[in-house]
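Visitor: The structure file entry22.txt (compact mmCIF, C-alpha atoms and all ligand atoms) is provided below.
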```txt
# COMPACT_ATOMS: atom_id res chain seq x y z
CA MET A 1 -22.39 15.96 -7.43
CA ALA A 2 -23.48 13.18 -5.12
CA SER A 3 -24.06 13.85 -1.47
CA GLY A 4 -25.28 11.96 1.55
CA GLU A 5 -23.96 8.76 3.02
CA ILE A 6 -21.78 5.91 1.77
CA ARG A 7 -22.44 2.77 3.79
CA VAL A 8 -19.23 0.81 4.24
CA ALA A 9 -18.69 -2.90 4.90
CA LEU A 10 -15.20 -3.77 6.14
CA ILE A 11 -14.06 -7.34 5.47
CA GLY A 12 -11.16 -8.15 7.78
CA THR A 13 -10.42 -7.28 11.40
CA LYS A 14 -6.66 -7.50 11.95
CA PHE A 15 -3.83 -4.93 11.38
CA MET A 16 -5.32 -3.41 8.23
CA GLY A 17 -8.86 -3.72 9.60
CA LYS A 18 -7.70 -1.52 12.48
CA ALA A 19 -5.99 1.03 10.17
CA HIS A 20 -9.04 1.24 7.91
CA SER A 21 -11.52 1.42 10.82
CA ASN A 22 -9.59 4.41 12.14
CA ALA A 23 -9.63 6.01 8.67
CA TRP A 24 -13.40 5.66 8.24
CA ALA A 25 -13.97 6.88 11.83
CA GLN A 26 -11.70 9.94 11.46
CA VAL A 27 -11.97 11.11 7.84
CA ALA A 28 -15.07 13.29 8.23
CA HIS A 29 -13.44 15.11 11.17
CA PHE A 30 -10.62 16.41 8.95
CA PHE A 31 -11.92 16.46 5.36
CA ASN A 32 -15.11 18.25 4.33
CA ARG A 33 -16.71 15.92 1.84
CA PRO A 34 -20.33 15.95 0.53
CA VAL A 35 -20.41 12.18 1.03
CA LYS A 36 -19.97 10.93 4.60
CA PRO A 37 -19.05 7.32 5.51
CA VAL A 38 -21.37 5.19 7.62
CA MET A 39 -19.50 2.37 9.36
CA GLN A 40 -22.30 -0.10 8.74
CA VAL A 41 -20.82 -3.60 9.23
CA VAL A 42 -17.50 -5.21 10.01
CA CYS A 43 -17.03 -8.83 8.90
CA GLY A 44 -14.52 -11.28 10.33
CA ARG A 45 -14.03 -15.02 10.85
CA ASP A 46 -13.92 -14.81 14.64
CA PRO A 47 -17.23 -13.64 16.17
CA ALA A 48 -15.68 -12.36 19.41
CA GLY A 49 -12.83 -10.54 17.66
CA THR A 50 -15.23 -9.02 15.16
CA GLN A 51 -17.54 -7.80 17.93
CA ALA A 52 -14.54 -6.31 19.74
CA MET A 53 -13.57 -4.48 16.52
CA ALA A 54 -17.15 -3.13 16.22
CA ASP A 55 -17.22 -2.02 19.87
CA THR A 56 -13.79 -0.34 19.67
CA TRP A 57 -14.26 1.47 16.38
CA GLY A 58 -18.02 2.08 16.15
CA TRP A 59 -19.12 -0.37 13.45
CA GLN A 60 -22.91 -0.62 13.71
CA GLU A 61 -23.15 -4.36 13.04
CA THR A 62 -20.98 -7.47 12.78
CA SER A 63 -21.00 -10.49 10.49
CA THR A 64 -18.96 -13.64 9.97
CA ASP A 65 -20.29 -14.18 6.42
CA TRP A 66 -18.69 -11.95 3.78
CA ARG A 67 -20.81 -13.47 1.01
CA GLU A 68 -24.00 -12.39 2.75
CA THR A 69 -22.53 -9.01 3.73
CA ILE A 70 -21.59 -7.93 0.19
CA GLN A 71 -25.09 -8.70 -1.09
CA ARG A 72 -26.86 -6.41 1.40
CA ASP A 73 -28.90 -3.57 -0.13
CA ASP A 74 -27.72 -1.26 2.65
CA ILE A 75 -24.05 -1.57 1.67
CA ASP A 76 -22.52 0.78 -0.94
CA LEU A 77 -18.77 0.15 -0.61
CA VAL A 78 -16.83 -3.00 0.36
CA ASP A 79 -13.41 -2.47 1.92
CA VAL A 80 -11.27 -5.63 1.59
CA CYS A 81 -8.69 -6.13 4.35
CA THR A 82 -8.26 -9.90 4.24
CA PRO A 83 -5.17 -11.98 3.50
CA ASN A 84 -4.08 -11.77 -0.12
CA ASN A 85 -5.62 -15.03 -1.38
CA ASN A 86 -9.15 -13.68 -0.72
CA HIS A 87 -8.77 -10.30 -2.44
CA ALA A 88 -9.88 -11.38 -5.92
CA GLU A 89 -12.86 -13.52 -4.93
CA ILE A 90 -14.31 -10.96 -2.53
CA SER A 91 -13.66 -7.93 -4.77
CA ILE A 92 -15.09 -9.54 -7.92
CA ALA A 93 -18.19 -10.77 -6.06
CA ALA A 94 -18.72 -7.30 -4.53
CA LEU A 95 -18.32 -5.56 -7.92
CA LYS A 96 -20.80 -8.00 -9.47
CA ALA A 97 -23.18 -7.19 -6.58
CA GLY A 98 -22.98 -3.53 -7.65
CA LYS A 99 -20.73 -2.33 -4.82
CA HIS A 100 -17.78 0.04 -4.95
CA VAL A 101 -14.58 -1.76 -3.85
CA ALA A 102 -11.44 -0.59 -2.06
CA CYS A 103 -8.94 -3.43 -1.64
CA GLU A 104 -5.71 -3.68 0.36
CA LYS A 105 -2.38 -4.30 -1.34
CA PRO A 106 -1.03 -6.29 -2.98
CA LEU A 107 -4.10 -6.26 -5.19
CA ALA A 108 -4.07 -10.05 -5.57
CA MET A 109 -1.93 -13.20 -5.71
CA ASN A 110 -0.84 -12.74 -9.33
CA THR A 111 -1.44 -10.87 -12.58
CA GLN A 112 -4.16 -13.26 -13.71
CA GLU A 113 -6.26 -12.43 -10.64
CA CYS A 114 -5.56 -8.72 -11.10
CA ASP A 115 -6.71 -8.91 -14.73
CA ALA A 116 -9.97 -10.59 -13.63
CA MET A 117 -10.51 -7.91 -10.97
CA THR A 118 -9.84 -5.15 -13.50
CA LYS A 119 -12.27 -6.74 -15.96
CA ALA A 120 -14.98 -6.97 -13.28
CA ALA A 121 -14.32 -3.35 -12.25
CA LYS A 122 -14.66 -2.07 -15.82
CA ALA A 123 -17.86 -4.08 -16.34
CA SER A 124 -19.37 -2.77 -13.10
CA LYS A 125 -18.38 0.86 -13.73
CA LYS A 126 -17.98 1.05 -9.94
CA LEU A 127 -15.22 2.75 -7.97
CA ASN A 128 -12.22 0.43 -7.58
CA PHE A 129 -9.17 1.41 -5.52
CA THR A 130 -6.07 -0.23 -4.03
CA TRP A 131 -4.78 1.00 -0.64
CA TYR A 132 -1.17 1.68 -1.60
CA ASN A 133 -1.16 4.00 1.39
CA TYR A 134 2.38 5.41 1.08
CA ARG A 135 1.29 7.36 -2.03
CA ARG A 136 -0.67 9.47 0.45
CA VAL A 137 2.25 10.44 2.69
CA PRO A 138 2.38 14.22 2.10
CA ALA A 139 6.18 14.12 1.57
CA LEU A 140 5.90 11.38 -1.08
CA ALA A 141 3.02 13.13 -2.84
CA LEU A 142 5.27 16.25 -2.80
CA ALA A 143 8.05 14.18 -4.40
CA ARG A 144 5.72 13.32 -7.27
CA GLN A 145 4.79 17.01 -7.61
CA LEU A 146 8.49 18.02 -7.86
CA VAL A 147 9.12 15.39 -10.55
CA LYS A 148 6.05 16.56 -12.48
CA GLU A 149 7.31 20.17 -12.23
CA GLY A 150 10.51 19.02 -13.96
CA ARG A 151 12.76 19.79 -10.98
CA ILE A 152 14.54 16.43 -11.19
CA GLY A 153 14.74 16.23 -14.96
CA ARG A 154 15.59 12.91 -16.62
CA VAL A 155 15.58 10.13 -14.01
CA TYR A 156 18.78 8.06 -14.02
CA HIS A 157 18.32 6.08 -10.80
CA VAL A 158 15.46 5.02 -8.55
CA ARG A 159 16.78 3.18 -5.47
CA CYS A 160 14.14 1.73 -3.11
CA ILE A 161 14.32 -0.24 0.13
CA TYR A 162 11.72 -1.72 2.39
CA LEU A 163 13.55 -3.23 5.36
CA GLN A 164 11.88 -5.01 8.27
CA SER A 165 13.07 -7.54 10.86
CA TRP A 166 9.97 -8.87 12.60
CA ILE A 167 10.47 -12.56 11.79
CA MET A 168 14.22 -12.98 12.47
CA ASP A 169 13.52 -15.16 15.53
CA PRO A 170 13.36 -18.79 14.28
CA LYS A 171 10.62 -19.36 16.86
CA PHE A 172 8.37 -16.78 15.15
CA PRO A 173 5.50 -18.94 13.85
CA LEU A 174 4.43 -19.80 10.35
CA VAL A 175 1.77 -17.09 10.05
CA TRP A 176 -0.25 -16.48 6.89
CA ARG A 177 2.29 -13.95 5.55
CA LEU A 178 4.84 -16.83 5.42
CA GLN A 179 2.52 -19.25 3.60
CA GLY A 180 2.69 -19.08 -0.19
CA ALA A 181 -0.86 -20.44 -0.63
CA VAL A 182 -2.27 -17.52 1.41
CA ALA A 183 0.15 -14.61 0.88
CA GLY A 184 1.42 -15.46 -2.61
CA SER A 185 4.92 -14.37 -1.63
CA GLY A 186 6.76 -12.99 1.39
CA PRO A 187 8.28 -9.48 1.57
CA HIS A 188 8.22 -9.39 -2.23
CA GLY A 189 4.43 -9.07 -2.56
CA ASP A 190 4.12 -7.44 0.84
CA LEU A 191 6.87 -4.80 0.63
CA ASN A 192 8.34 -4.65 -2.89
CA ALA A 193 4.72 -4.05 -3.94
CA HIS A 194 4.76 -0.78 -1.97
CA ILE A 195 8.09 0.50 -3.29
CA ILE A 196 7.47 -0.53 -6.89
CA ASP A 197 4.14 1.30 -6.70
CA ALA A 198 5.84 4.31 -5.08
CA ALA A 199 8.53 4.41 -7.78
CA ARG A 200 5.86 4.30 -10.50
CA PHE A 201 3.76 6.93 -8.69
CA ILE A 202 6.60 9.42 -8.15
CA THR A 203 8.33 9.10 -11.52
CA GLY A 204 5.32 8.39 -13.73
CA GLU A 205 7.47 5.72 -15.38
CA GLU A 206 7.02 1.96 -15.71
CA VAL A 207 9.46 -0.85 -14.91
CA SER A 208 10.03 -2.63 -18.24
CA GLU A 209 12.24 -5.58 -17.24
CA VAL A 210 13.73 -7.02 -14.06
CA SER A 211 16.33 -9.40 -12.70
CA ALA A 212 15.73 -10.76 -9.20
CA ALA A 213 17.21 -12.86 -6.41
CA PHE A 214 15.11 -14.35 -3.60
CA GLU A 215 16.24 -16.20 -0.46
CA THR A 216 14.58 -18.02 2.41
CA PHE A 217 16.91 -17.92 5.42
CA ILE A 218 14.78 -19.99 7.84
CA LYS A 219 13.18 -22.96 6.07
CA GLU A 220 10.69 -24.17 8.72
CA ARG A 221 8.91 -22.62 11.67
CA PRO A 222 6.47 -23.51 14.50
CA LEU A 223 2.83 -23.52 13.38
CA GLY A 224 0.86 -20.56 14.82
CA ALA A 225 -1.15 -17.41 14.11
CA MET A 226 -0.99 -13.62 14.28
CA THR A 227 -2.08 -12.09 17.60
CA GLY A 228 -2.29 -8.48 16.34
CA GLY A 229 -0.07 -6.06 14.43
CA LEU A 230 3.01 -8.06 13.49
CA SER A 231 2.99 -10.25 16.61
CA ALA A 232 2.15 -13.98 16.70
CA LYS A 233 2.01 -17.06 18.93
CA GLY A 234 3.23 -20.54 17.93
CA GLY A 235 3.05 -24.13 19.14
CA SER A 236 5.39 -27.15 19.05
CA LYS A 237 4.53 -28.56 15.61
CA LYS A 238 6.57 -27.20 12.69
CA GLY A 239 5.79 -26.40 9.06
CA LYS A 240 7.75 -25.50 5.92
CA VAL A 241 8.14 -21.84 5.04
CA THR A 242 6.88 -21.49 1.47
CA VAL A 243 7.80 -17.88 0.72
CA GLU A 244 11.05 -15.91 0.52
CA ASP A 245 12.48 -13.99 3.47
CA ALA A 246 14.21 -11.48 1.20
CA ALA A 247 13.67 -10.34 -2.40
CA LEU A 248 16.09 -8.06 -4.26
CA LEU A 249 15.64 -6.90 -7.83
CA ILE A 250 17.12 -4.52 -10.35
CA GLY A 251 15.21 -3.18 -13.31
CA ARG A 252 15.06 -0.88 -16.29
CA LEU A 253 12.72 2.13 -16.30
CA SER A 254 10.63 3.18 -19.30
CA GLY A 255 12.47 6.53 -19.32
CA GLY A 256 15.84 4.79 -19.77
CA GLY A 257 17.01 4.87 -16.17
CA LEU A 258 17.82 2.00 -13.82
CA CYS A 259 16.00 1.00 -10.63
CA SER A 260 16.55 -1.28 -7.65
CA PHE A 261 14.16 -2.65 -5.05
CA GLU A 262 15.18 -4.46 -1.84
CA ALA A 263 12.54 -6.00 0.41
CA THR A 264 13.48 -8.10 3.41
CA ARG A 265 12.23 -9.17 6.82
CA PHE A 266 15.81 -9.92 7.95
CA ALA A 267 17.28 -6.42 8.06
CA GLN A 268 18.48 -6.53 11.67
CA GLY A 269 18.11 -3.06 13.15
CA ARG A 270 15.36 -1.90 10.77
CA LYS A 271 11.66 -1.81 11.77
CA ASN A 272 9.66 -0.41 8.87
CA GLY A 273 12.45 1.03 6.74
CA ASN A 274 10.59 2.13 3.63
CA GLY A 275 12.87 4.47 1.69
CA ILE A 276 13.39 5.86 -1.81
CA GLU A 277 16.13 7.90 -3.50
CA ILE A 278 15.78 9.34 -6.98
CA ASN A 279 18.82 10.71 -8.84
CA GLY A 280 18.04 12.86 -11.87
CA GLU A 281 19.69 15.19 -14.34
CA LYS A 282 18.62 18.36 -12.50
CA GLY A 283 18.25 17.17 -8.94
CA ALA A 284 17.59 14.37 -6.47
CA LEU A 285 15.08 13.30 -3.84
CA ARG A 286 15.42 11.19 -0.69
CA PHE A 287 12.64 9.90 1.60
CA GLU A 288 12.67 7.61 4.67
CA PHE A 289 9.24 6.58 6.02
CA GLU A 290 10.52 6.36 9.61
CA ASP A 291 10.95 10.17 9.27
CA MET A 292 7.85 10.43 7.11
CA ASN A 293 7.16 14.17 7.40
CA ARG A 294 10.42 15.10 5.68
CA LEU A 295 11.50 15.08 2.03
CA LYS A 296 15.14 15.77 1.14
CA TYR A 297 15.58 17.66 -2.13
CA TYR A 298 18.84 18.41 -3.97
CA ASP A 299 18.61 21.20 -6.55
CA ALA A 300 21.46 20.76 -9.02
CA SER A 301 20.32 23.81 -10.97
CA ARG A 302 21.72 26.11 -8.24
CA PRO A 303 25.24 27.57 -8.48
CA SER A 304 27.62 24.82 -7.35
CA TYR A 305 28.73 26.73 -4.22
CA LEU A 306 25.09 26.88 -3.11
CA GLN A 307 24.17 23.24 -3.85
CA GLY A 308 23.17 21.02 -0.96
CA TRP A 309 20.32 18.91 0.40
CA THR A 310 17.23 20.89 1.38
CA ASP A 311 15.30 19.22 4.22
CA ILE A 312 11.62 20.01 3.48
CA LEU A 313 9.26 19.49 6.43
CA ALA A 314 6.12 18.60 4.45
CA THR A 315 3.69 20.12 6.98
CA GLU A 316 2.62 23.33 5.27
CA ALA A 317 -1.01 23.98 4.38
CA ASN A 318 -0.04 23.87 0.69
CA HIS A 319 1.66 20.48 0.97
CA PRO A 320 -0.52 17.56 -0.20
CA TYR A 321 -3.23 16.62 2.35
CA PHE A 322 -1.57 18.51 5.23
CA GLY A 323 -3.91 21.49 5.16
CA ALA A 324 -6.65 19.24 6.55
CA TYR A 325 -4.72 18.63 9.76
CA TRP A 326 -2.56 20.95 11.83
CA PRO A 327 -0.42 24.10 11.70
CA ALA A 328 3.09 23.76 10.18
CA GLY A 329 5.44 21.48 12.13
CA HIS A 330 2.69 19.53 13.88
CA ILE A 331 3.54 16.27 12.19
CA ILE A 332 1.26 13.40 11.21
CA GLY A 333 1.72 9.62 11.19
CA TYR A 334 1.18 6.25 9.53
CA GLU A 335 -2.55 6.24 10.30
CA HIS A 336 -3.07 9.54 8.42
CA THR A 337 -2.06 7.92 5.14
CA PHE A 338 -5.18 5.76 5.37
CA ILE A 339 -7.36 8.73 6.38
CA ASN A 340 -6.05 10.53 3.28
CA GLY A 341 -7.03 7.49 1.17
CA ALA A 342 -10.55 7.49 2.59
CA ALA A 343 -10.77 11.24 1.89
CA ASP A 344 -9.87 10.68 -1.78
CA ILE A 345 -12.44 7.88 -2.06
CA LEU A 346 -15.16 10.14 -0.64
CA GLU A 347 -14.10 13.01 -2.91
CA ALA A 348 -14.43 10.74 -5.97
CA LEU A 349 -17.82 9.47 -4.83
CA GLY A 350 -18.93 13.07 -4.19
CA LYS A 351 -18.06 13.92 -7.80
CA ASP A 352 -19.61 10.70 -9.11
CA ASP A 353 -16.29 10.38 -10.97
CA TRP A 354 -13.49 8.01 -9.91
CA SER A 355 -11.59 8.07 -13.19
CA ASN A 356 -8.76 9.99 -11.48
CA LEU A 357 -8.81 8.02 -8.23
CA LYS A 358 -5.52 6.12 -8.28
CA PRO A 359 -4.28 3.49 -7.97
CA ASP A 360 -7.31 1.72 -9.39
CA PHE A 361 -7.22 -1.99 -10.22
CA ALA A 362 -5.83 -1.42 -13.72
CA ASP A 363 -2.97 0.72 -12.36
CA SER A 364 -2.23 -1.79 -9.57
CA THR A 365 -2.07 -4.58 -12.16
CA LYS A 366 1.05 -2.89 -13.61
CA THR A 367 2.73 -3.20 -10.21
CA GLN A 368 1.66 -6.86 -10.10
CA ARG A 369 3.20 -7.47 -13.55
CA VAL A 370 6.55 -6.30 -12.15
CA LEU A 371 6.14 -8.51 -9.07
CA ASP A 372 5.32 -11.57 -11.18
CA ALA A 373 8.19 -10.94 -13.62
CA ALA A 374 10.57 -10.80 -10.66
CA VAL A 375 9.28 -14.16 -9.37
CA LYS A 376 9.94 -15.68 -12.81
CA SER A 377 13.38 -14.05 -12.93
CA ALA A 378 14.36 -15.36 -9.49
CA LYS A 379 13.44 -18.89 -10.61
CA SER A 380 15.13 -18.69 -14.03
CA ARG A 381 18.07 -16.51 -12.89
CA SER A 382 17.57 -14.38 -15.98
CA TRP A 383 16.15 -11.00 -17.02
CA VAL A 384 12.37 -11.05 -17.57
CA LYS A 385 10.29 -8.41 -19.35
CA THR A 386 7.28 -7.15 -17.34
CA GLY A 387 4.98 -6.25 -20.23
CA CYS A 388 4.70 -2.66 -18.89
C1 LIG B 1 3.75 -6.08 7.12
O1 LIG B 1 4.89 -6.17 6.42
C2 LIG B 1 3.08 -4.73 6.89
O2 LIG B 1 1.95 -4.69 7.70
C3 LIG B 1 2.63 -4.57 5.45
O3 LIG B 1 1.71 -5.59 5.08
C4 LIG B 1 1.99 -3.19 5.29
O4 LIG B 1 1.55 -3.01 3.94
C5 LIG B 1 3.05 -2.13 5.64
O5 LIG B 1 2.51 -0.84 5.51
C6 LIG B 1 3.52 -2.35 7.07
O6 LIG B 1 4.01 -3.71 7.24
```
Could you express the structure from this file as structure tokens?

Guide:
Amino acid sequence: MASGEIRVALIGTKFMGKAHSNAWAQVAHFFNRPVKPVMQVVCGRDPAGTQAMADTWGWQETSTDWRETIQRDDIDLVDVCTPNNNHAEISIAALKAGKHVACEKPLAMNTQECDAMTKAAKASKKLNFTWYNYRRVPALALARQLVKEGRIGRVYHVRCIYLQSWIMDPKFPLVWRLQGAVAGSGPHGDLNAHIIDAARFITGEEVSEVSAAFETFIKERPLGAMTGGLSAKGGSKKGKVTVEDAALLIGRLSGGGLCSFEATRFAQGRKNGNGIEINGEKGALRFEFEDMNRLKYYDASRPSYLQGWTDILATEANHPYFGAYWPAGHIIGYEHTFINGAADILEALGKDDWSNLKPDFADSTKTQRVLDAAVKSAKSRSWVKTGC
């Protein structure tokens, strides 16, 4: 059992840098772990913004050079919160430098990069983790528990949505999430990644083949940059949008069921509408992230006159993660999903065993295989096997 301190370097200072800074700052207040995080250094491209992040969140030092940061002897874990096209290079270099690595989702730009990251992780024998944070919503972790207990039985349908609307204004600028060279894809890699991972996590099944349709509704936008969260500021010059605005796919599950995933940034009226419904032989589950503390459960094993949707408020001490927080009914939020991730990282480090810390890079590569197969399918307008 290891104990003591884990010195963390955070690479990235925007939306995810903020969520992860909060997680590292809060985790020890709620979870008793033998290993405590030290917020050693935060690294970003903009010196002033990086210093502001350090001042706000308590990082001890700042850097603008990730290559130098990951080589430091006083760094144990590198937390990668950069745009997607930097994930592989930074993670592989950090693993080769003997550091543990926790990387934001999607793991990388494509399966080839994920395979290289997985190979480097296996060679390093270091902890490697992907921040698919919705796995650590207590209600979703409960959904997985109910499936594992056999309460749903054979899964016939998994129906997932991830609906946003933050770029519907044609004047919203061409930020990095809309540039294929930086993001890899639009809502597909950004949002379908989450719901494909969630479907795999809850059901324990893989997506074996897919058929997809992508569409870009606004083809060019003003050049500009993010200003924080999902806000941005643009100028007068315009550039071509090189990713999809919406990505819909259907698929076959390894257990014989069917699945569907819909990710869009043009769902007028929806803000962060991450939802899943699972219909099985013995029951069903429904979850909506915008009401994240609740899981709806339908028990078809009850006498028909008693059947109906049970609305479980996942805030009991024996619900996943919740015992670390508050009494029943005192709900938690988006930021707690990252605190829960940090808690699981520290627990694995405390045991000197991260073999059960999921999703690791190898697990996340299976999600990437589905994403890449869907891209091929959208281009060829045909079914494509995922290899999973
Ligand atoms: C933007 O779509 C975004 O920040 C995603 O990148 C996150 O993964 C999601 O949790 C919230 O929305």

Visitor: Which neighbours of Leu127 in chain A fall inside 7 Å, counting all atoms listed in the file, when residues of the same chain fewer than 3 positions from it are skipped, and could you give them as a PDB file with C-alpha atoms, in the frame of the given file?

Guide:
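Saved to around.pdb:
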```pdb
ATOM      1  CA  HIS A 100     -17.780   0.040  -4.950  1.00  0.00           C
ATOM      2  CA  VAL A 101     -14.580  -1.760  -3.850  1.00  0.00           C
ATOM      3  CA  TRP A 354     -13.490   8.010  -9.910  1.00  0.00           C
TER       4      TRP A 354
END
```

Visitor: Nearest to ligand LIG 1 (chain B) among A:Ala213, A:Ala348, A:Ile75, A:Cys103, with distances taken over only C-alpha atoms and all ligand atoms: which residue is it?

Guide: A:Cys103

Visitor: Within 10 Å of (-9.5, 1.3, -0.6), in the coordinates the file gives, what residues turn up when you count only C-alpha atoms, written out as a PyMOL selection string?

Guide: chain A and resi 20+77-81+100-105+127-133+338+341-342+344-345+358-360

Visitor: Distance CA of Val42 in chain A-CA of Ala19 in chain A, one decimal place?

Guide: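 That distance, rounded to one decimal, is 13.1 Å.
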
Visitor: Go through chain A and flag each residue having an atom no more than 7 Å from ligand LIG 1 (chain B); for those, report the closest pair of atoms plus their distance in Å to one decimal, using only C-alpha atoms and all ligand atoms, ordered by chain and rising number, as a tab-separated table.

Guide:
```
residue	atom	partner	partner_atom	distance
A:Phe15	CA	B:LIG1	O2	6.9
A:Lys105	CA	B:LIG1	O4	6.7
A:Pro187	CA	B:LIG1	O1	6.8
A:Asp190	CA	B:LIG1	O3	5.2
A:Leu191	CA	B:LIG1	O1	6.3
A:Leu230	CA	B:LIG1	C1	6.7
A:Asn272	CA	B:LIG1	C6	6.7
```

Visitor: My list of candidates is A:Asn279, A:Asn340, A:Thr82, A:Ser231. Which is closest to Val137 in chain A when distances are computed with all atoms listed in the file?

Guide: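 Smallest separation from Val137 in chain A among the options: A:Asn340.
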
Visitor: Calculated over only C-alpha atoms, which of the candidates A:Gly184, A:Pro37, A:Gly153, A:Gly251 has the smallest distance to Gly4 in chain A?

Guide: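 Selected residue with least distance to Gly4 in chain A: A:Pro37.
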
Visitor: Of the candidates A:Arg136, A:Lys119, A:Arg265, A:Lys171, which one gets nearest to Thr216 in chain A if we count only C-alpha atoms?

Guide: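 Smallest separation from Thr216 in chain A among the options: A:Arg265.
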
Visitor: Give me the residues of range 19-115 of chain A that have any atom at most 10 Å from an atom of range 314-329 of chain A; for each, the nearest atom pair and the distance in Å, rounded to one decimal. Use only C-alpha atoms, sort by chain and number, and format it as a Markdown table.

Guide:
```
| residue | atom | partner | partner_atom | distance |
| --- | --- | --- | --- | --- |
| A:Val27 | CA | A:Ala324 | CA | 9.8 |
| A:His29 | CA | A:Ala324 | CA | 9.2 |
| A:Phe30 | CA | A:Ala324 | CA | 5.4 |
| A:Phe31 | CA | A:Ala324 | CA | 6.1 |
| A:Asn32 | CA | A:Ala324 | CA | 8.8 |
```
